[in-house]
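Content type mmCIF, N, CA and C atoms, from the file start.cif:
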```cif
data_protein
loop_
_atom_site.group_PDB
_atom_site.id
_atom_site.type_symbol
_atom_site.label_atom_id
_atom_site.label_comp_id
_atom_site.auth_asym_id
_atom_site.auth_seq_id
_atom_site.Cartn_x
_atom_site.Cartn_y
_atom_site.Cartn_z
ATOM 1 N N MET A 1 30.730 4.548 -32.070
ATOM 2 C CA MET A 1 29.393 4.133 -32.392
ATOM 3 C C MET A 1 28.741 3.510 -31.153
ATOM 4 N N MET A 2 27.465 3.817 -30.968
ATOM 5 C CA MET A 2 26.751 3.364 -29.783
ATOM 6 C C MET A 2 26.058 2.018 -30.054
ATOM 7 N N GLU A 3 26.251 1.086 -29.134
ATOM 8 C CA GLU A 3 25.600 -0.223 -29.292
ATOM 9 C C GLU A 3 24.173 -0.168 -28.766
ATOM 10 N N ILE A 4 23.303 -0.977 -29.357
ATOM 11 C CA ILE A 4 21.896 -1.049 -28.918
ATOM 12 C C ILE A 4 21.805 -2.114 -27.835
ATOM 13 N N ASN A 5 21.232 -1.726 -26.728
ATOM 14 C CA ASN A 5 21.025 -2.674 -25.623
ATOM 15 C C ASN A 5 19.689 -3.377 -25.858
ATOM 16 N N TRP A 6 19.768 -4.540 -26.484
ATOM 17 C CA TRP A 6 18.549 -5.272 -26.840
ATOM 18 C C TRP A 6 17.802 -5.770 -25.611
ATOM 19 N N THR A 7 18.487 -6.017 -24.538
ATOM 20 C CA THR A 7 17.825 -6.460 -23.303
ATOM 21 C C THR A 7 16.930 -5.353 -22.768
ATOM 22 N N ALA A 8 17.432 -4.127 -22.753
ATOM 23 C CA ALA A 8 16.628 -3.002 -22.266
ATOM 24 C C ALA A 8 15.439 -2.746 -23.180
ATOM 25 N N ILE A 9 15.649 -2.823 -24.483
ATOM 26 C CA ILE A 9 14.554 -2.617 -25.427
ATOM 27 C C ILE A 9 13.491 -3.709 -25.258
ATOM 28 N N GLY A 10 13.926 -4.945 -25.109
ATOM 29 C CA GLY A 10 12.990 -6.052 -24.872
ATOM 30 C C GLY A 10 12.224 -5.857 -23.579
ATOM 31 N N TRP A 11 12.921 -5.386 -22.560
ATOM 32 C CA TRP A 11 12.281 -5.145 -21.265
ATOM 33 C C TRP A 11 11.221 -4.043 -21.389
ATOM 34 N N ILE A 12 11.523 -2.984 -22.105
ATOM 35 C CA ILE A 12 10.569 -1.888 -22.297
ATOM 36 C C ILE A 12 9.364 -2.353 -23.111
ATOM 37 N N ILE A 13 9.609 -3.105 -24.177
ATOM 38 C CA ILE A 13 8.508 -3.637 -24.991
ATOM 39 C C ILE A 13 7.640 -4.572 -24.151
ATOM 40 N N ASP A 14 8.280 -5.403 -23.344
ATOM 41 C CA ASP A 14 7.545 -6.327 -22.473
ATOM 42 C C ASP A 14 6.667 -5.554 -21.487
ATOM 43 N N MET A 15 7.205 -4.503 -20.890
ATOM 44 C CA MET A 15 6.430 -3.695 -19.941
ATOM 45 C C MET A 15 5.236 -3.039 -20.630
ATOM 46 N N ILE A 16 5.434 -2.516 -21.841
ATOM 47 C CA ILE A 16 4.338 -1.865 -22.568
ATOM 48 C C ILE A 16 3.255 -2.883 -22.915
ATOM 49 N N LEU A 17 3.663 -4.055 -23.418
ATOM 50 C CA LEU A 17 2.679 -5.082 -23.775
ATOM 51 C C LEU A 17 1.948 -5.608 -22.543
ATOM 52 N N ASN A 18 2.685 -5.821 -21.444
ATOM 53 C CA ASN A 18 2.036 -6.269 -20.205
ATOM 54 C C ASN A 18 1.034 -5.233 -19.717
ATOM 55 N N GLY A 19 1.411 -3.960 -19.776
ATOM 56 C CA GLY A 19 0.489 -2.901 -19.372
ATOM 57 C C GLY A 19 -0.756 -2.880 -20.224
ATOM 58 N N PHE A 20 -0.591 -3.065 -21.529
ATOM 59 C CA PHE A 20 -1.735 -3.090 -22.440
ATOM 60 C C PHE A 20 -2.648 -4.281 -22.154
ATOM 61 N N VAL A 21 -2.050 -5.444 -21.928
ATOM 62 C CA VAL A 21 -2.842 -6.651 -21.627
ATOM 63 C C VAL A 21 -3.609 -6.473 -20.319
ATOM 64 N N TRP A 22 -2.939 -5.920 -19.292
ATOM 65 C CA TRP A 22 -3.621 -5.719 -18.009
ATOM 66 C C TRP A 22 -4.714 -4.662 -18.119
ATOM 67 N N LEU A 23 -4.532 -3.677 -18.990
ATOM 68 C CA LEU A 23 -5.591 -2.692 -19.221
ATOM 69 C C LEU A 23 -6.816 -3.363 -19.832
ATOM 70 N N ILE A 24 -6.603 -4.241 -20.803
ATOM 71 C CA ILE A 24 -7.718 -4.975 -21.416
ATOM 72 C C ILE A 24 -8.406 -5.860 -20.378
ATOM 73 N N ILE A 25 -7.605 -6.550 -19.562
ATOM 74 C CA ILE A 25 -8.183 -7.415 -18.525
ATOM 75 C C ILE A 25 -9.001 -6.588 -17.542
ATOM 76 N N ALA A 26 -8.510 -5.423 -17.144
ATOM 77 C CA ALA A 26 -9.235 -4.562 -16.196
ATOM 78 C C ALA A 26 -10.547 -4.070 -16.793
ATOM 79 N N VAL A 27 -10.524 -3.666 -18.064
ATOM 80 C CA VAL A 27 -11.751 -3.179 -18.707
ATOM 81 C C VAL A 27 -12.783 -4.295 -18.795
ATOM 82 N N LEU A 28 -12.361 -5.478 -19.213
ATOM 83 C CA LEU A 28 -13.292 -6.609 -19.298
ATOM 84 C C LEU A 28 -13.827 -6.997 -17.928
ATOM 85 N N SER A 29 -12.954 -7.020 -16.927
ATOM 86 C CA SER A 29 -13.378 -7.394 -15.577
ATOM 87 C C SER A 29 -14.379 -6.390 -15.020
ATOM 88 N N LEU A 30 -14.115 -5.111 -15.214
ATOM 89 C CA LEU A 30 -15.037 -4.098 -14.706
ATOM 90 C C LEU A 30 -16.394 -4.172 -15.393
ATOM 91 N N SER A 31 -16.404 -4.452 -16.689
ATOM 92 C CA SER A 31 -17.698 -4.567 -17.376
ATOM 93 C C SER A 31 -18.460 -5.800 -16.903
ATOM 94 N N ILE A 32 -17.749 -6.899 -16.678
ATOM 95 C CA ILE A 32 -18.406 -8.115 -16.165
ATOM 96 C C ILE A 32 -18.916 -7.892 -14.752
ATOM 97 N N ILE A 33 -18.122 -7.224 -13.912
ATOM 98 C CA ILE A 33 -18.547 -6.946 -12.533
ATOM 99 C C ILE A 33 -19.783 -6.047 -12.540
ATOM 100 N N ASP A 34 -19.812 -5.050 -13.405
ATOM 101 C CA ASP A 34 -20.968 -4.159 -13.489
ATOM 102 C C ASP A 34 -22.213 -4.919 -13.925
ATOM 103 N N MET A 35 -22.067 -5.813 -14.901
ATOM 104 C CA MET A 35 -23.192 -6.588 -15.390
ATOM 105 C C MET A 35 -23.706 -7.536 -14.298
ATOM 106 N N THR A 36 -22.804 -8.234 -13.613
ATOM 107 C CA THR A 36 -23.243 -9.160 -12.566
ATOM 108 C C THR A 36 -23.802 -8.403 -11.367
ATOM 109 N N ASP A 37 -23.346 -7.177 -11.136
ATOM 110 C CA ASP A 37 -23.890 -6.366 -10.056
ATOM 111 C C ASP A 37 -25.354 -6.039 -10.322
ATOM 112 N N LYS A 38 -25.686 -5.735 -11.574
ATOM 113 C CA LYS A 38 -27.079 -5.482 -11.943
ATOM 114 C C LYS A 38 -27.909 -6.740 -11.736
ATOM 115 N N TRP A 39 -27.369 -7.887 -12.148
ATOM 116 C CA TRP A 39 -28.087 -9.153 -11.950
ATOM 117 C C TRP A 39 -28.293 -9.434 -10.473
ATOM 118 N N THR A 40 -27.282 -9.139 -9.657
ATOM 119 C CA THR A 40 -27.392 -9.380 -8.223
ATOM 120 C C THR A 40 -28.483 -8.507 -7.619
ATOM 121 N N ARG A 41 -28.546 -7.241 -8.028
ATOM 122 C CA ARG A 41 -29.601 -6.357 -7.521
ATOM 123 C C ARG A 41 -30.985 -6.877 -7.913
ATOM 124 N N LYS A 42 -31.131 -7.330 -9.162
ATOM 125 C CA LYS A 42 -32.417 -7.877 -9.596
ATOM 126 C C LYS A 42 -32.772 -9.133 -8.811
ATOM 127 N N ALA A 43 -31.780 -9.989 -8.586
ATOM 128 C CA ALA A 43 -32.026 -11.220 -7.832
ATOM 129 C C ALA A 43 -32.430 -10.905 -6.390
ATOM 130 N N LEU A 44 -31.796 -9.902 -5.787
ATOM 131 C CA LEU A 44 -32.156 -9.543 -4.414
ATOM 132 C C LEU A 44 -33.571 -8.977 -4.336
ATOM 133 N N LYS A 45 -33.965 -8.173 -5.317
ATOM 134 C CA LYS A 45 -35.338 -7.652 -5.337
ATOM 135 C C LYS A 45 -36.329 -8.803 -5.471
ATOM 136 N N TRP A 46 -36.020 -9.758 -6.358
ATOM 137 C CA TRP A 46 -36.902 -10.906 -6.561
ATOM 138 C C TRP A 46 -36.973 -11.763 -5.299
ATOM 139 N N MET A 47 -35.809 -11.968 -4.649
ATOM 140 C CA MET A 47 -35.798 -12.760 -3.420
ATOM 141 C C MET A 47 -36.606 -12.078 -2.328
ATOM 142 N N ASN A 48 -36.569 -10.749 -2.272
ATOM 143 C CA ASN A 48 -37.352 -10.017 -1.283
ATOM 144 C C ASN A 48 -38.845 -10.217 -1.536
ATOM 145 N N LYS A 49 -39.261 -10.148 -2.812
ATOM 146 C CA LYS A 49 -40.673 -10.369 -3.142
ATOM 147 C C LYS A 49 -41.110 -11.782 -2.767
ATOM 148 N N VAL A 50 -40.277 -12.758 -3.094
ATOM 149 C CA VAL A 50 -40.607 -14.153 -2.771
ATOM 150 C C VAL A 50 -40.665 -14.349 -1.262
ATOM 151 N N ASP A 51 -39.722 -13.753 -0.537
ATOM 152 C CA ASP A 51 -39.701 -13.868 0.917
ATOM 153 C C ASP A 51 -40.980 -13.288 1.522
ATOM 154 N N LEU A 52 -41.390 -12.101 1.063
ATOM 155 C CA LEU A 52 -42.622 -11.498 1.581
ATOM 156 C C LEU A 52 -43.839 -12.352 1.241
ATOM 157 N N TRP A 53 -43.860 -12.920 0.026
ATOM 158 C CA TRP A 53 -44.983 -13.774 -0.356
ATOM 159 C C TRP A 53 -45.050 -15.018 0.518
ATOM 160 N N ILE A 54 -43.890 -15.630 0.768
ATOM 161 C CA ILE A 54 -43.866 -16.836 1.606
ATOM 162 C C ILE A 54 -44.297 -16.513 3.027
ATOM 163 N N ARG A 55 -43.827 -15.383 3.563
ATOM 164 C CA ARG A 55 -44.227 -14.993 4.921
ATOM 165 C C ARG A 55 -45.731 -14.775 5.012
ATOM 166 N N LYS A 56 -46.318 -14.078 4.021
ATOM 167 C CA LYS A 56 -47.760 -13.852 4.017
ATOM 168 C C LYS A 56 -48.504 -15.183 3.918
ATOM 169 N N PHE A 57 -48.009 -16.065 3.040
ATOM 170 C CA PHE A 57 -48.661 -17.362 2.857
ATOM 171 C C PHE A 57 -48.645 -18.173 4.154
ATOM 172 N N ILE A 58 -47.503 -18.243 4.804
ATOM 173 C CA ILE A 58 -47.398 -19.021 6.049
ATOM 174 C C ILE A 58 -48.253 -18.389 7.142
ATOM 175 N N GLU A 59 -48.265 -17.052 7.195
ATOM 176 C CA GLU A 59 -49.082 -16.378 8.211
ATOM 177 C C GLU A 59 -50.561 -16.667 8.003
ATOM 178 N N LYS A 60 -51.026 -16.568 6.757
ATOM 179 C CA LYS A 60 -52.438 -16.849 6.471
ATOM 180 C C LYS A 60 -52.762 -18.320 6.716
ATOM 181 N N LEU A 61 -51.815 -19.196 6.362
ATOM 182 C CA LEU A 61 -52.027 -20.620 6.574
ATOM 183 C C LEU A 61 -52.150 -20.936 8.060
ATOM 184 N N LEU A 62 -51.259 -20.366 8.869
ATOM 185 C CA LEU A 62 -51.326 -20.627 10.317
ATOM 186 C C LEU A 62 -52.580 -20.023 10.936
ATOM 187 N N GLU A 63 -53.004 -18.840 10.463
ATOM 188 C CA GLU A 63 -54.253 -18.261 10.961
ATOM 189 C C GLU A 63 -55.443 -19.147 10.612
ATOM 190 N N TRP A 64 -55.454 -19.673 9.391
ATOM 191 C CA TRP A 64 -56.546 -20.547 8.964
ATOM 192 C C TRP A 64 -56.574 -21.816 9.795
ATOM 193 N N ILE A 65 -55.388 -22.378 10.058
ATOM 194 C CA ILE A 65 -55.311 -23.603 10.859
ATOM 195 C C ILE A 65 -55.801 -23.338 12.275
ATOM 196 N N LEU A 66 -55.406 -22.194 12.848
ATOM 197 C CA LEU A 66 -55.864 -21.867 14.203
ATOM 198 C C LEU A 66 -57.374 -21.626 14.231
ATOM 199 N N LYS A 67 -57.887 -20.990 13.190
ATOM 200 C CA LYS A 67 -59.324 -20.710 13.126
ATOM 201 C C LYS A 67 -60.124 -22.003 13.023
ATOM 202 N N LYS A 68 -59.634 -22.963 12.237
ATOM 203 C CA LYS A 68 -60.338 -24.236 12.041
ATOM 204 C C LYS A 68 -60.020 -25.246 13.141
ATOM 205 N N ASN A 69 -59.026 -24.926 13.950
ATOM 206 C CA ASN A 69 -58.621 -25.778 15.068
ATOM 207 C C ASN A 69 -58.150 -27.159 14.590
ATOM 208 N N PHE A 70 -57.311 -27.178 13.566
ATOM 209 C CA PHE A 70 -56.738 -28.419 13.063
ATOM 210 C C PHE A 70 -55.412 -28.672 13.779
ATOM 211 N N ARG A 71 -55.458 -29.370 14.883
ATOM 212 C CA ARG A 71 -54.230 -29.590 15.658
ATOM 213 C C ARG A 71 -53.261 -30.532 14.936
ATOM 214 N N MET A 72 -53.801 -31.584 14.357
ATOM 215 C CA MET A 72 -52.940 -32.551 13.687
ATOM 216 C C MET A 72 -52.269 -31.917 12.458
ATOM 217 N N LEU A 73 -53.036 -31.191 11.662
ATOM 218 C CA LEU A 73 -52.497 -30.548 10.470
ATOM 219 C C LEU A 73 -51.457 -29.493 10.846
ATOM 220 N N SER A 74 -51.750 -28.731 11.906
ATOM 221 C CA SER A 74 -50.782 -27.714 12.324
ATOM 222 C C SER A 74 -49.497 -28.364 12.823
ATOM 223 N N SER A 75 -49.610 -29.494 13.483
ATOM 224 C CA SER A 75 -48.411 -30.201 13.952
ATOM 225 C C SER A 75 -47.562 -30.676 12.774
ATOM 226 N N VAL A 76 -48.199 -31.230 11.752
ATOM 227 C CA VAL A 76 -47.472 -31.723 10.585
ATOM 228 C C VAL A 76 -46.807 -30.559 9.845
ATOM 229 N N ILE A 77 -47.532 -29.451 9.669
ATOM 230 C CA ILE A 77 -46.962 -28.297 8.958
ATOM 231 C C ILE A 77 -45.790 -27.710 9.737
ATOM 232 N N LEU A 78 -45.930 -27.576 11.049
ATOM 233 C CA LEU A 78 -44.818 -27.068 11.853
ATOM 234 C C LEU A 78 -43.627 -28.024 11.817
ATOM 235 N N LEU A 79 -43.906 -29.324 11.779
ATOM 236 C CA LEU A 79 -42.828 -30.308 11.670
ATOM 237 C C LEU A 79 -42.082 -30.141 10.348
ATOM 238 N N ILE A 80 -42.826 -29.910 9.269
ATOM 239 C CA ILE A 80 -42.202 -29.688 7.960
ATOM 240 C C ILE A 80 -41.383 -28.401 7.970
ATOM 241 N N ILE A 81 -41.955 -27.331 8.518
ATOM 242 C CA ILE A 81 -41.247 -26.041 8.563
ATOM 243 C C ILE A 81 -39.971 -26.162 9.383
ATOM 244 N N PHE A 82 -40.061 -26.778 10.558
ATOM 245 C CA PHE A 82 -38.862 -26.941 11.386
ATOM 246 C C PHE A 82 -37.841 -27.865 10.729
ATOM 247 N N GLY A 83 -38.312 -28.877 9.986
ATOM 248 C CA GLY A 83 -37.394 -29.756 9.263
ATOM 249 C C GLY A 83 -36.632 -29.002 8.189
ATOM 250 N N ILE A 84 -37.349 -28.145 7.457
ATOM 251 C CA ILE A 84 -36.686 -27.335 6.425
ATOM 252 C C ILE A 84 -35.672 -26.395 7.066
ATOM 253 N N LEU A 85 -36.054 -25.741 8.152
ATOM 254 C CA LEU A 85 -35.136 -24.825 8.833
ATOM 255 C C LEU A 85 -33.918 -25.570 9.388
ATOM 256 N N ALA A 86 -34.122 -26.786 9.859
ATOM 257 C CA ALA A 86 -32.989 -27.568 10.361
ATOM 258 C C ALA A 86 -32.063 -27.983 9.220
ATOM 259 N N GLN A 87 -32.643 -28.371 8.070
ATOM 260 C CA GLN A 87 -31.818 -28.754 6.924
ATOM 261 C C GLN A 87 -31.004 -27.583 6.396
ATOM 262 N N LEU A 88 -31.578 -26.381 6.451
ATOM 263 C CA LEU A 88 -30.863 -25.191 5.994
ATOM 264 C C LEU A 88 -29.828 -24.723 7.012
ATOM 265 N N GLY A 89 -29.859 -25.299 8.203
ATOM 266 C CA GLY A 89 -28.886 -24.936 9.219
ATOM 267 C C GLY A 89 -29.252 -23.682 9.993
ATOM 268 N N ILE A 90 -30.509 -23.263 9.914
ATOM 269 C CA ILE A 90 -30.935 -22.051 10.599
ATOM 270 C C ILE A 90 -31.191 -22.328 12.079
ATOM 271 N N ILE A 91 -31.815 -23.446 12.389
ATOM 272 C CA ILE A 91 -32.123 -23.757 13.793
ATOM 273 C C ILE A 91 -30.852 -23.955 14.615
ATOM 274 N N PRO A 92 -29.843 -24.701 14.128
ATOM 275 C CA PRO A 92 -28.616 -24.792 14.933
ATOM 276 C C PRO A 92 -27.958 -23.422 15.173
ATOM 277 N N LYS A 93 -28.071 -22.511 14.198
ATOM 278 C CA LYS A 93 -27.515 -21.158 14.386
ATOM 279 C C LYS A 93 -28.299 -20.412 15.441
ATOM 280 N N LEU A 94 -29.629 -20.607 15.468
ATOM 281 C CA LEU A 94 -30.444 -19.928 16.474
ATOM 282 C C LEU A 94 -30.164 -20.469 17.880
ATOM 283 N N ILE A 95 -29.873 -21.756 17.967
ATOM 284 C CA ILE A 95 -29.619 -22.357 19.278
ATOM 285 C C ILE A 95 -28.304 -21.890 19.855
ATOM 286 N N THR A 96 -27.263 -21.780 18.982
ATOM 287 C CA THR A 96 -25.945 -21.382 19.474
ATOM 288 C C THR A 96 -25.811 -19.939 19.561
#
```

Would you write the structure of this file as structure tokens?
Amino acid sequence: MMEINWTAIGWIIDMILNGFVWLIIAVLSLSIIDMTDKWTRKALKWMNKVDLWIRKFIEKLLEWILKKNFRMLSSVILLIIFGILAQLGIIPKLIT
């Protein structure tokens, strides 16, 4: 009579269950990645629109300041812009 190797059977059952669990994890992860990828694309499009709007606004503002010859106002606005760029760490990156 042949004995049943319970260790081998347990090992096979464990491998099948682990494979099934990892399949579920992979399916869920891929669906979440796909969903967040769509959100990322939408966010990038929105950021591009905002960036273009800000650039147009600053360009028109600086043209208006130059046209009106407001030296003090232009100095304050440039100080604010450079302060923001320094806080974001953009100016140190440009210097180095």

| field | Between atom C of Leu62 in chain A and atom C of Lys45 in chain A, distance in Å (one decimal) | value | 25.7 Å

| So how many Å separate atom N of Ile95 in chain A and CA of Phe82 in chain A, to one decimal? |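 About the pair atom N of Ile95 in chain A and CA of Phe82 in chain A: they are 12.3 Å apart.
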
| said: One decimal, in Å: what's the spacing between atom N of Lys67 in chain A and atom N of Gly83 in chain A? | reply: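 The value is 21.3 Å.
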
With all atoms of range 6-24 of chain A from the file as input, state the centre and edge lengths in Å to one decimal of the axis-aligned box that has 6 Å extra on each side, as AutoDock Vina command-line options.
```
--center_x 5.7 --center_y -4.3 --center_z -22.4 --size_x 40.2 --size_y 16.8 --size_z 20.8
```
